[in-house]
file run_14.tsv (TSV, C-alpha atoms)
chain	number	residue	atom	x	y	z
A	1	MET	CA	6.63	-27.34	-7.79
A	2	THR	CA	8.81	-24.25	-7.21
A	3	ALA	CA	11.25	-22.85	-9.73
A	4	SER	CA	14.15	-24.03	-7.54
A	5	THR	CA	12.95	-27.64	-7.37
A	6	PRO	CA	14.02	-29.75	-10.37
A	7	ALA	CA	11.46	-32.07	-11.92
A	8	PRO	CA	11.79	-35.84	-11.44
A	9	GLY	CA	14.72	-37.02	-13.55
A	10	GLU	CA	15.73	-33.48	-14.53
A	11	ALA	CA	19.50	-33.04	-14.66
A	12	THR	CA	20.99	-30.04	-12.89
A	13	THR	CA	24.66	-29.43	-12.21
A	14	GLU	CA	24.18	-29.47	-8.46
A	15	ARG	CA	22.03	-32.59	-8.46
A	16	VAL	CA	24.30	-34.65	-10.73
A	17	ARG	CA	27.54	-33.62	-9.04
A	18	GLY	CA	26.03	-34.27	-5.61
A	19	ILE	CA	24.84	-37.76	-6.55
A	20	PHE	CA	28.02	-38.94	-8.23
A	21	SER	CA	30.41	-37.45	-5.70
A	22	GLY	CA	28.54	-39.33	-3.00
A	23	ILE	CA	28.35	-42.72	-4.71
A	24	ALA	CA	31.79	-42.75	-6.39
A	25	GLY	CA	33.28	-45.31	-4.04
A	26	ARG	CA	30.54	-47.89	-4.68
A	27	TYR	CA	29.74	-47.00	-8.28
A	28	ASP	CA	31.59	-49.91	-9.89
A	29	THR	CA	30.01	-52.44	-7.54
A	30	PHE	CA	26.57	-51.06	-8.28
A	31	ASN	CA	27.15	-51.21	-12.05
A	32	MET	CA	28.33	-54.80	-11.90
A	33	LEU	CA	25.34	-55.94	-9.87
A	34	ALA	CA	22.69	-53.81	-11.59
A	35	SER	CA	23.70	-54.86	-15.10
A	36	MET	CA	24.61	-58.44	-14.09
A	37	GLY	CA	27.87	-57.98	-16.01
A	38	ILE	CA	26.23	-57.12	-19.33
A	39	ASP	CA	27.86	-53.68	-19.27
A	40	ARG	CA	31.19	-55.22	-20.32
A	41	GLY	CA	29.63	-56.31	-23.61
A	42	TRP	CA	28.14	-52.86	-24.11
A	43	ARG	CA	31.60	-51.30	-23.74
A	44	ARG	CA	33.05	-53.74	-26.27
A	45	GLN	CA	30.42	-52.65	-28.77
A	46	LEU	CA	31.28	-48.99	-28.11
A	47	VAL	CA	34.97	-49.61	-28.76
A	48	LYS	CA	34.13	-51.40	-32.01
A	49	ALA	CA	31.92	-48.49	-33.15
A	50	CYS	CA	34.80	-46.04	-32.65
A	51	ALA	CA	36.71	-47.62	-35.59
A	52	LEU	CA	40.02	-46.50	-34.08
A	53	ARG	CA	43.48	-46.53	-35.61
A	54	ALA	CA	46.88	-46.60	-33.95
A	55	ASP	CA	47.21	-42.83	-34.47
A	56	SER	CA	43.71	-41.92	-33.24
A	57	ARG	CA	43.25	-39.31	-30.53
A	58	VAL	CA	40.20	-39.96	-28.33
A	59	LEU	CA	38.33	-37.80	-25.85
A	60	ASP	CA	36.17	-39.66	-23.32
A	61	LEU	CA	33.51	-37.48	-21.70
A	62	CYS	CA	31.69	-38.08	-18.41
A	63	ALA	CA	34.22	-40.86	-17.93
A	64	GLY	CA	33.25	-41.67	-14.37
A	65	THR	CA	35.53	-44.33	-12.93
A	66	GLY	CA	37.26	-44.87	-16.27
A	67	ASP	CA	35.88	-48.18	-17.52
A	68	VAL	CA	35.22	-46.96	-21.06
A	69	ALA	CA	38.58	-45.22	-21.42
A	70	LEU	CA	40.41	-48.30	-20.16
A	71	ALA	CA	38.42	-50.57	-22.50
A	72	ILE	CA	39.36	-48.32	-25.43
A	73	ALA	CA	43.02	-48.41	-24.44
A	74	ALA	CA	43.09	-52.16	-23.89
A	75	GLN	CA	41.05	-53.24	-26.92
A	76	ALA	CA	41.90	-50.67	-29.62
A	77	GLN	CA	45.21	-49.17	-28.46
A	78	PRO	CA	44.83	-45.73	-30.04
A	79	GLU	CA	47.56	-43.13	-29.69
A	80	SER	CA	45.90	-41.38	-26.75
A	81	VAL	CA	42.77	-41.10	-24.64
A	82	VAL	CA	41.97	-37.95	-22.66
A	83	VAL	CA	39.77	-39.02	-19.75
A	84	THR	CA	37.42	-36.31	-18.42
A	85	ASP	CA	34.69	-35.90	-15.82
A	86	PHE	CA	33.32	-32.97	-13.84
A	87	THR	CA	33.10	-34.93	-10.58
A	88	PRO	CA	36.56	-35.07	-8.97
A	89	GLU	CA	35.70	-38.09	-6.82
A	90	MET	CA	34.87	-40.19	-9.88
A	91	LEU	CA	37.92	-39.02	-11.83
A	92	ALA	CA	40.21	-39.84	-8.91
A	93	ILE	CA	39.04	-43.46	-9.00
A	94	ALA	CA	39.63	-43.58	-12.77
A	95	GLU	CA	43.21	-42.38	-12.24
A	96	GLN	CA	43.79	-45.03	-9.58
A	97	LYS	CA	42.50	-47.79	-11.87
A	98	ALA	CA	44.64	-46.53	-14.76
A	99	GLN	CA	47.81	-47.11	-12.73
A	100	LYS	CA	47.43	-50.81	-13.55
A	101	TYR	CA	47.38	-50.11	-17.31
A	102	SER	CA	50.69	-50.70	-19.09
A	103	GLY	CA	49.75	-50.63	-22.78
A	104	ALA	CA	50.79	-48.36	-25.63
A	105	THR	CA	47.98	-45.79	-25.30
A	106	ALA	CA	48.78	-42.54	-23.51
A	107	LEU	CA	46.14	-41.86	-20.84
A	108	THR	CA	45.73	-38.35	-19.46
A	109	PHE	CA	43.09	-37.01	-17.08
A	110	ALA	CA	41.31	-33.67	-16.93
A	111	HIS	CA	38.51	-32.21	-14.84
A	112	ALA	CA	36.10	-30.92	-17.49
A	113	ASP	CA	32.45	-30.07	-18.03
A	114	ALA	CA	31.20	-31.81	-21.18
A	115	GLN	CA	29.18	-28.70	-22.00
A	116	GLU	CA	32.23	-26.39	-21.99
A	117	LEU	CA	35.33	-28.26	-23.09
A	118	PRO	CA	38.82	-26.86	-22.43
A	119	PHE	CA	40.28	-28.21	-25.69
A	120	ALA	CA	41.25	-26.63	-29.00
A	121	ASP	CA	39.17	-26.91	-32.16
A	122	ALA	CA	39.65	-30.08	-34.25
A	123	SER	CA	41.72	-31.83	-31.56
A	124	PHE	CA	40.23	-35.34	-31.61
A	125	ASP	CA	39.41	-38.11	-34.07
A	126	VAL	CA	36.75	-39.66	-31.81
A	127	VAL	CA	34.75	-38.43	-28.83
A	128	THR	CA	32.99	-40.99	-26.63
A	129	VAL	CA	30.47	-40.79	-23.80
A	130	ALA	CA	28.80	-43.62	-21.92
A	131	PHE	CA	25.76	-42.98	-19.73
A	132	GLY	CA	26.66	-39.31	-19.41
A	133	VAL	CA	24.61	-37.41	-22.00
A	134	ARG	CA	21.49	-38.19	-19.99
A	135	ASN	CA	22.93	-36.28	-17.03
A	136	LEU	CA	23.76	-33.08	-18.92
A	137	PRO	CA	21.45	-30.12	-18.26
A	138	HIS	CA	22.10	-28.81	-21.80
A	139	ARG	CA	22.66	-31.52	-24.41
A	140	ASP	CA	22.74	-28.93	-27.19
A	141	ARG	CA	25.82	-27.28	-25.65
A	142	ASN	CA	27.54	-30.65	-25.44
A	143	PHE	CA	26.77	-31.45	-29.07
A	144	ALA	CA	28.10	-28.06	-30.19
A	145	GLU	CA	31.28	-28.51	-28.16
A	146	VAL	CA	31.88	-32.02	-29.49
A	147	LEU	CA	31.48	-30.74	-33.05
A	148	ARG	CA	34.03	-28.05	-32.30
A	149	VAL	CA	36.73	-30.34	-30.88
A	150	LEU	CA	36.27	-33.13	-33.45
A	151	LYS	CA	38.38	-33.18	-36.58
A	152	PRO	CA	36.45	-33.12	-39.89
A	153	GLY	CA	35.08	-36.63	-40.40
A	154	GLY	CA	35.49	-37.43	-36.71
A	155	ARG	CA	32.99	-39.56	-34.80
A	156	TYR	CA	30.87	-38.96	-31.72
A	157	VAL	CA	29.98	-42.32	-30.14
A	158	ILE	CA	27.25	-42.26	-27.48
A	159	LEU	CA	26.26	-45.23	-25.32
A	160	GLU	CA	23.14	-44.45	-23.33
A	161	PHE	CA	20.14	-46.05	-21.69
A	162	SER	CA	17.25	-45.96	-24.11
A	163	ARG	CA	13.78	-47.32	-24.85
A	164	PRO	CA	13.20	-51.05	-25.49
A	165	THR	CA	11.15	-51.44	-28.65
A	166	PHE	CA	9.19	-54.57	-27.59
A	167	GLY	CA	6.32	-53.57	-25.32
A	168	PRO	CA	6.38	-56.44	-22.78
A	169	TRP	CA	10.19	-56.19	-22.48
A	170	ARG	CA	9.90	-52.43	-22.01
A	171	GLY	CA	7.30	-52.93	-19.26
A	172	ALA	CA	9.45	-55.45	-17.39
A	173	TYR	CA	12.46	-53.17	-17.72
A	174	HIS	CA	10.58	-50.19	-16.30
A	175	ILE	CA	9.45	-52.27	-13.32
A	176	TYR	CA	13.12	-53.18	-12.74
A	177	LEU	CA	14.13	-49.52	-12.96
A	178	ARG	CA	11.40	-48.38	-10.60
A	179	SER	CA	11.83	-51.04	-7.92
A	180	VAL	CA	15.17	-52.84	-8.06
A	181	ILE	CA	17.52	-49.99	-9.00
A	182	PRO	CA	16.62	-47.62	-6.11
A	183	ALA	CA	16.61	-50.50	-3.63
A	184	LEU	CA	19.98	-51.85	-4.77
A	185	GLY	CA	21.54	-48.41	-5.05
A	186	GLY	CA	20.24	-47.40	-1.64
A	187	MET	CA	21.56	-50.56	-0.04
A	188	LEU	CA	25.05	-50.12	-1.52
A	189	THR	CA	25.48	-46.37	-1.16
A	190	GLY	CA	22.88	-45.11	1.30
A	191	ASP	CA	21.54	-42.72	-1.36
A	192	ARG	CA	18.25	-44.27	-2.45
A	193	GLU	CA	16.94	-40.92	-3.71
A	194	GLY	CA	19.93	-40.57	-6.02
A	195	PHE	CA	18.94	-43.80	-7.73
A	196	VAL	CA	15.31	-42.71	-7.92
A	197	TYR	CA	16.66	-39.76	-9.95
A	198	LEU	CA	18.65	-42.12	-12.19
A	199	ASN	CA	15.51	-44.18	-12.83
A	200	ASP	CA	13.50	-41.05	-13.65
A	201	SER	CA	16.26	-39.67	-15.88
A	202	ILE	CA	16.23	-42.82	-17.99
A	203	ARG	CA	12.46	-42.69	-18.42
A	204	ARG	CA	12.47	-39.02	-19.51
A	205	PHE	CA	15.44	-39.36	-21.89
A	206	PRO	CA	14.69	-39.06	-25.65
A	207	THR	CA	13.96	-42.18	-27.67
A	208	GLN	CA	16.49	-43.40	-30.21
A	209	PRO	CA	14.94	-41.46	-33.15
A	210	GLN	CA	14.52	-38.35	-30.99
A	211	LEU	CA	18.17	-38.33	-29.92
A	212	ALA	CA	19.23	-38.86	-33.55
A	213	ALA	CA	17.10	-35.87	-34.53
A	214	GLU	CA	18.78	-33.71	-31.87
A	215	LEU	CA	22.21	-34.67	-33.17
A	216	ARG	CA	21.16	-33.89	-36.74
A	217	GLU	CA	19.75	-30.53	-35.72
A	218	GLN	CA	23.07	-29.60	-34.12
A	219	GLY	CA	24.99	-30.33	-37.33
A	220	PHE	CA	26.05	-33.98	-37.20
A	221	SER	CA	25.62	-36.27	-40.21
A	222	ALA	CA	25.66	-40.00	-40.96
A	223	ILE	CA	23.77	-40.62	-37.72
A	224	SER	CA	22.86	-44.18	-36.82
A	225	TRP	CA	22.05	-46.22	-33.76
A	226	LYS	CA	22.17	-49.85	-32.71
A	227	ASN	CA	19.97	-51.26	-29.97
A	228	LEU	CA	21.69	-53.47	-27.43
A	229	SER	CA	19.97	-55.86	-25.01
A	230	GLY	CA	16.64	-55.27	-26.71
A	231	GLY	CA	16.95	-51.48	-26.52
A	232	ILE	CA	17.82	-51.19	-22.83
A	233	VAL	CA	20.74	-49.22	-24.18
A	234	ALA	CA	21.43	-47.77	-27.61
A	235	LEU	CA	24.75	-47.07	-29.27
A	236	HIS	CA	24.58	-43.91	-31.38
A	237	THR	CA	27.27	-42.81	-33.82
A	238	ALA	CA	27.38	-39.40	-35.52
A	239	VAL	CA	29.95	-37.83	-37.83
A	240	LYS	CA	31.20	-34.26	-38.04
call {"tool": "encode", "arguments": {"input": "run_14.tsv", "output": "structure tokens"}}
result
Amino acid sequence: MTASTPAPGEATTERVRGIFSGIAGRYDTFNMLASMGIDRGWRRQLVKACALRADSRVLDLCAGTGDVALAIAAQAQPESVVVTDFTPEMLAIAEQKAQKYSGATALTFAHADAQELPFADASFDVVTVAFGVRNLPHRDRNFAEVLRVLKPGGRYVILEFSRPTFGPWRGAYHIYLRSVIPALGGMLTGDREGFVYLNDSIRRFPTQPQLAAELREQGFSAISWKNLSGGIVALHTAVK
């Protein structure tokens, strides 16, 4: 393997932006089919973990097509949510979907790299990210930036694919990732190889304890996680 060829499942800026810019238009359909609708329950759990108030200011990273930000606005109604992504095609869809929102929360949109945030220190009460940390080439930079923009006592809430703890369930899940996900993604978007990457990225991502250790090493405290759907995904919370 040459130095210019990323390893299977390795996130690079060019690879991630290329995949998500290409599949943006079919991303929501893929999510609905691939998760069989379970992703809505995962988002509800994320909103609950944020413990938001009416005056909370939220930053949503790697927001994609905006489902998490809109769930936060609809379910918790904080003061504001800043919706960010570094793929313009995904963010444009999020803005379109937000036009149907008429609640009390102020929604704003910004093109931003989660590893280099264009926001002032101590700007937010809560930072959220769903299925985005896995696609960052440098998680440590993201963790440092989130610490910087969080207010003291603020929360970082991470929803991410993880490692099922029960062996037979983990084996069945990995078969699903390896066979069904690339086939379904390829059929819907024409980019089968992009979904092979997504499968590989899930398998190489740290386990729940390993991700907690990374957060602790970067300076977060009160770190905990909750397994959802038998550990297919995990919901991590960490405090500045």
call {"tool": "closest_residue", "arguments": {"input": "run_14.tsv", "among": "A:Gly230, A:His174, A:Gly154, A:Ser102", "to": "Arg204 in chain A", "atoms": "all atoms listed in the file"}}
result
A:His174
call {"tool": "residues_around", "arguments": {"input": "run_14.tsv", "residues": "range 205-220 of chain A", "least_positions_apart": "3", "cutoff": "9 Å", "atoms": "only C-alpha atoms", "output": "VMD selection string"}}
result
chain A and resid 9 134 139 to 140 143 to 144 147 156 161 to 163 200 to 202 223 to 227 231 234 236 to 240
call {"tool": "closest_residue", "arguments": {"input": "run_14.tsv", "among": "A:Ile19, A:Val58, A:Ala73, A:Ala94", "to": "Val146 in chain A", "atoms": "all atoms listed in the file"}}
result
A:Val58
call {"tool": "closest_atom_pairs", "arguments": {"input": "run_14.tsv", "of": "range 73-120 of chain A", "to": "range 37-49 of chain A", "cutoff": "10 Å", "atoms": "all atoms listed in the file", "output": "JSON lines"}}
result
{"residue": "A:Ala73", "atom": "CA", "partner": "A:Val47", "partner_atom": "CA", "distance": 9.2}
{"residue": "A:Ala74", "atom": "CA", "partner": "A:Val47", "partner_atom": "CA", "distance": 9.8}
{"residue": "A:Gln75", "atom": "CA", "partner": "A:Val47", "partner_atom": "CA", "distance": 7.3}
{"residue": "A:Ala76", "atom": "CA", "partner": "A:Val47", "partner_atom": "CA", "distance": 7.1}
call {"tool": "closest_residue", "arguments": {"input": "run_14.tsv", "among": "A:Ser221, A:Ala7, A:Tyr27, A:Thr12", "to": "Leu188 in chain A", "atoms": "all atoms listed in the file"}}
result
A:Tyr27
call {"tool": "atom_distance", "arguments": {"input": "run_14.tsv", "atom1": "CA of Gln77 in chain A", "atom2": "CA of Leu117 in chain A"}}
result
23.7 Å
call {"tool": "closest_residue", "arguments": {"input": "run_14.tsv", "among": "A:Leu198, A:Val68, A:Ile23, A:Ala112", "to": "Phe86 in chain A", "atoms": "only C-alpha atoms"}}
result
A:Ala112
call {"tool": "atom_distance", "arguments": {"input": "run_14.tsv", "atom1": "CA of Ala54 in chain A", "atom2": "CA of Val127 in chain A"}}
result
15.5 Å
call {"tool": "build_atoms", "arguments": {"input": "run_14.tsv", "residues": "range 96-122 of chain A", "atoms": "N, CA and C atoms", "output": "compact mmCIF listing (two decimals), in the coordinates of the input"}}
result
# COMPACT_ATOMS: atom_id res chain seq x y z
N GLN A 96 43.25 -43.91 -10.36
CA GLN A 96 43.79 -45.03 -9.58
C GLN A 96 43.75 -46.33 -10.40
N LYS A 97 42.64 -46.57 -11.07
CA LYS A 97 42.50 -47.79 -11.87
C LYS A 97 43.49 -47.81 -13.03
N ALA A 98 43.75 -46.63 -13.60
CA ALA A 98 44.64 -46.53 -14.76
C ALA A 98 46.09 -46.85 -14.40
N GLN A 99 46.44 -46.80 -13.13
CA GLN A 99 47.81 -47.11 -12.73
C GLN A 99 48.19 -48.56 -13.05
N LYS A 100 47.17 -49.41 -13.21
CA LYS A 100 47.43 -50.81 -13.55
C LYS A 100 47.58 -51.03 -15.05
N TYR A 101 47.29 -49.98 -15.86
CA TYR A 101 47.38 -50.11 -17.31
C TYR A 101 48.82 -49.90 -17.75
N SER A 102 49.30 -50.78 -18.63
CA SER A 102 50.69 -50.70 -19.09
C SER A 102 50.80 -50.81 -20.60
N GLY A 103 49.73 -50.50 -21.33
CA GLY A 103 49.75 -50.63 -22.78
C GLY A 103 50.36 -49.43 -23.47
N ALA A 104 50.16 -49.38 -24.80
CA ALA A 104 50.79 -48.36 -25.63
C ALA A 104 50.05 -47.03 -25.62
N THR A 105 48.79 -47.01 -25.24
CA THR A 105 47.98 -45.79 -25.30
C THR A 105 48.35 -44.84 -24.17
N ALA A 106 48.52 -43.56 -24.52
CA ALA A 106 48.78 -42.54 -23.51
C ALA A 106 47.46 -42.12 -22.89
N LEU A 107 47.35 -42.25 -21.57
CA LEU A 107 46.14 -41.86 -20.84
C LEU A 107 46.43 -40.60 -20.04
N THR A 108 45.62 -39.56 -20.26
CA THR A 108 45.73 -38.35 -19.46
C THR A 108 44.35 -38.02 -18.89
N PHE A 109 44.33 -37.26 -17.81
CA PHE A 109 43.09 -37.01 -17.08
C PHE A 109 42.88 -35.51 -16.91
N ALA A 110 41.62 -35.10 -17.05
CA ALA A 110 41.31 -33.67 -16.93
C ALA A 110 39.91 -33.50 -16.33
N HIS A 111 39.81 -32.59 -15.39
CA HIS A 111 38.51 -32.21 -14.84
C HIS A 111 37.84 -31.29 -15.85
N ALA A 112 36.72 -31.70 -16.42
CA ALA A 112 36.10 -30.92 -17.49
C ALA A 112 34.60 -31.14 -17.52
N ASP A 113 33.89 -30.05 -17.80
CA ASP A 113 32.45 -30.07 -18.03
C ASP A 113 32.22 -30.37 -19.50
N ALA A 114 31.44 -31.40 -19.79
CA ALA A 114 31.20 -31.81 -21.18
C ALA A 114 30.44 -30.77 -21.98
N GLN A 115 29.91 -29.77 -21.32
CA GLN A 115 29.18 -28.70 -22.00
C GLN A 115 30.06 -27.48 -22.29
N GLU A 116 31.30 -27.50 -21.79
CA GLU A 116 32.23 -26.39 -21.99
C GLU A 116 33.65 -26.96 -21.95
N LEU A 117 34.10 -27.49 -23.06
CA LEU A 117 35.33 -28.26 -23.09
C LEU A 117 36.57 -27.37 -23.21
N PRO A 118 37.60 -27.66 -22.41
CA PRO A 118 38.82 -26.86 -22.43
C PRO A 118 39.85 -27.36 -23.44
N PHE A 119 39.40 -27.66 -24.66
CA PHE A 119 40.28 -28.21 -25.69
C PHE A 119 40.15 -27.39 -26.97
N ALA A 120 41.22 -27.40 -27.76
CA ALA A 120 41.25 -26.63 -29.00
C ALA A 120 40.34 -27.25 -30.05
N ASP A 121 39.97 -26.43 -31.03
CA ASP A 121 39.17 -26.91 -32.16
C ASP A 121 39.91 -28.04 -32.87
N ALA A 122 39.12 -29.00 -33.40
CA ALA A 122 39.65 -30.08 -34.25
C ALA A 122 40.82 -30.81 -33.59
